[in-house]
Amino acid sequence: MTTMPAALVPPVSLAAVVTALRDDVPGVEAPEGSMAAARALMICLGGSALFGAALGSFHGSPLQMLSSALKAPMLLLGTTALCFPAFYVMQLTRAPTPLSLSRAVMVKSQALAATALWWGALSLPLLFLASTVQHYRLAQGLALVVGAAGGIVGMRRFAARLGASSGPTPRGTMIAYSVIYGVVGAQLSWFLRPFVGAPDQPWQFVRGMQSNFFAFVFGPLLGG
């Protein structure tokens, strides 16, 4: 039986988890290089899959849990892939010391890991709540709150890592990129829905493009 070389299977150590969240832990150094980015990607896949499975547990459908566990990593990585060119050009233009492409990937992978760790850490209470509440809109609200919380943590981590690597980035640039990333992520989550299965509809992997995320969230507030 052949086995994969150990170098191709980067272990996710406690240090990799800690440094995804902060840099100031005594005795723990921030990882660098392609293996560190691979570890961050594994954390991203694992944490976001747990989050997706917890969302899909509403109404107890195994198919919904599985599909949501697959789609949550697609949401996180897809949003990043769509927005990464904008980030790279922005930091080349505005950062005091522009990052190389490999360094930019490392910085972004650490931010993704931070988001996924928060999602994964909150997946157990979310699983309990989503599987026991009998209110579809409440389950959707929980998904939105936890998803946004993880996104905010990841963006703050991203700003900290970017500042440490390239110097203080102009505030306006960070705000512009945060808005782009948030808007793209929100609309991609709408495209990939449902993450929380509707009790009165059959299971679907994706539901189509009726309306959009912003009309869904802000329409009731504006009387639409």
# chains A, B, ... in the order shown; residues from 1 in each chain; ligands from 1
$ residues_around --residues "A:Ser165" --least-positions-apart "4" --cutoff "9 Å" --atoms "only C-alpha atoms" --output "PyMOL selection string"
chain A and resi 97-99+103+107+160-161
$ write_last_selection --atoms "C-alpha atoms" --output "CSV table (one decimal), in the first residue's frame"
chain,number,residue,atom,x,y,z
A,97,THR,CA,5.5,48.3,1.2
A,98,PRO,CA,3.5,46.3,-1.4
A,99,LEU,CA,3.4,42.5,-0.8
A,103,ARG,CA,3.0,36.9,0.7
A,107,VAL,CA,-1.9,37.1,4.6
A,160,ALA,CA,-3.8,43.4,11.3
A,161,ARG,CA,-1.7,40.9,9.2
$ residues_around --residues "A:Phe213" --least-positions-apart "2" --cutoff "12 Å" --atoms "only C-alpha atoms" --output "list of chain:residue names"
A:Leu144, A:Gly182, A:Val183, A:Val184, A:Gly185, A:Ala186, A:Gln187, A:Leu188, A:Ser189, A:Trp190, A:Phe191, A:Leu192, A:Arg193, A:Pro194, A:Met209, A:Gln210, A:Ser211, A:Ala215, A:Phe216, A:Val217, A:Phe218, A:Gly219
$ residues_around --residues "A:Ser102" --least-positions-apart "3" --cutoff "12 Å" --atoms "only C-alpha atoms" --output "ChimeraX atom specification"
/A:32-37,88,98-99,105-109
$ closest_residue --among "A:Ala54, A:Val17, A:Ala198, A:Ala149" --to "A:Leu126" --atoms "only C-alpha atoms"
A:Ala54
$ closest_residue --among "A:Ala143, A:Ala69, A:Leu63, A:Ile180" --to "A:Gly47" --atoms "only C-alpha atoms"
A:Ala69
$ select_by_dssp --residues "stretch 10-120 of chain A" --states "alpha helix (DSSP H)" --output "VMD selection string"
chain A and resid 14 to 21 33 to 56 62 to 94 101 to 120
$ closest_residue --among "A:Thr80, A:Ser57, A:Ser166, A:Ser48" --to "A:Thr132" --atoms "only C-alpha atoms"
A:Ser57
$ closest_residue --among "A:Ser178, A:Gln201, A:Thr169, A:Gln134" --to "A:Pro96" --atoms "only C-alpha atoms"
A:Thr169
$ residues_around --residues "A:Leu76" --least-positions-apart "6" --cutoff "9 Å" --atoms "only C-alpha atoms" --output "PyMOL selection string"
chain A and resi 44-45+48+112+115-116+185
$ write_last_selection --atoms "N, CA and C atoms" --output "PDB file, in the first residue's frame"
ATOM      1  N   CYS A  44      -9.547  26.453   7.153  1.00  0.00           N
ATOM      2  CA  CYS A  44     -10.655  27.110   6.463  1.00  0.00           C
ATOM      3  C   CYS A  44     -11.703  26.092   6.018  1.00  0.00           C
ATOM      4  N   LEU A  45     -11.251  25.012   5.404  1.00  0.00           N
ATOM      5  CA  LEU A  45     -12.176  23.986   4.914  1.00  0.00           C
ATOM      6  C   LEU A  45     -12.912  23.310   6.070  1.00  0.00           C
ATOM      7  N   SER A  48     -15.328  25.937   8.141  1.00  0.00           N
ATOM      8  CA  SER A  48     -16.501  26.365   7.368  1.00  0.00           C
ATOM      9  C   SER A  48     -17.438  25.194   7.082  1.00  0.00           C
ATOM     10  N   LEU A 112      -8.729  34.018   6.297  1.00  0.00           N
ATOM     11  CA  LEU A 112      -9.745  32.997   6.064  1.00  0.00           C
ATOM     12  C   LEU A 112      -9.788  31.994   7.204  1.00  0.00           C
ATOM     13  N   THR A 115     -11.668  33.462  10.173  1.00  0.00           N
ATOM     14  CA  THR A 115     -13.123  33.397   9.966  1.00  0.00           C
ATOM     15  C   THR A 115     -13.641  31.987  10.200  1.00  0.00           C
ATOM     16  N   ALA A 116     -12.969  30.994   9.602  1.00  0.00           N
ATOM     17  CA  ALA A 116     -13.420  29.611   9.708  1.00  0.00           C
ATOM     18  C   ALA A 116     -13.325  29.086  11.134  1.00  0.00           C
ATOM     19  N   GLY A 185     -19.620  38.679  -0.875  1.00  0.00           N
ATOM     20  CA  GLY A 185     -19.940  37.517  -0.056  1.00  0.00           C
ATOM     21  C   GLY A 185     -21.424  37.373   0.200  1.00  0.00           C
TER      22      GLY A 185
END
$ closest_residue --among "A:Phe128, A:Gly167, A:Ala114, A:Met42" --to "A:Val153" --atoms "only C-alpha atoms"
A:Ala114
$ atom_distance --atom1 "atom CA of A:Leu101" --atom2 "atom CA of A:Met174"
18.2 Å
$ closest_residue --among "A:Met155, A:Tyr181, A:Phe51, A:Arg137" --to "A:Gly78" --atoms "only C-alpha atoms"
A:Tyr181
$ atom_distance --atom1 "atom CA of A:Pro202" --atom2 "atom CA of A:Met65"
13.8 Å
$ residues_around --residues "A:Ala111" --least-positions-apart "4" --cutoff "6 Å" --atoms "only C-alpha atoms" --output "list of chain:residue names"
A:Gly154, A:Arg157, A:Phe158
$ atom_distance --atom1 "atom CA of A:Ser123" --atom2 "atom CA of A:Ser61"
16.6 Å
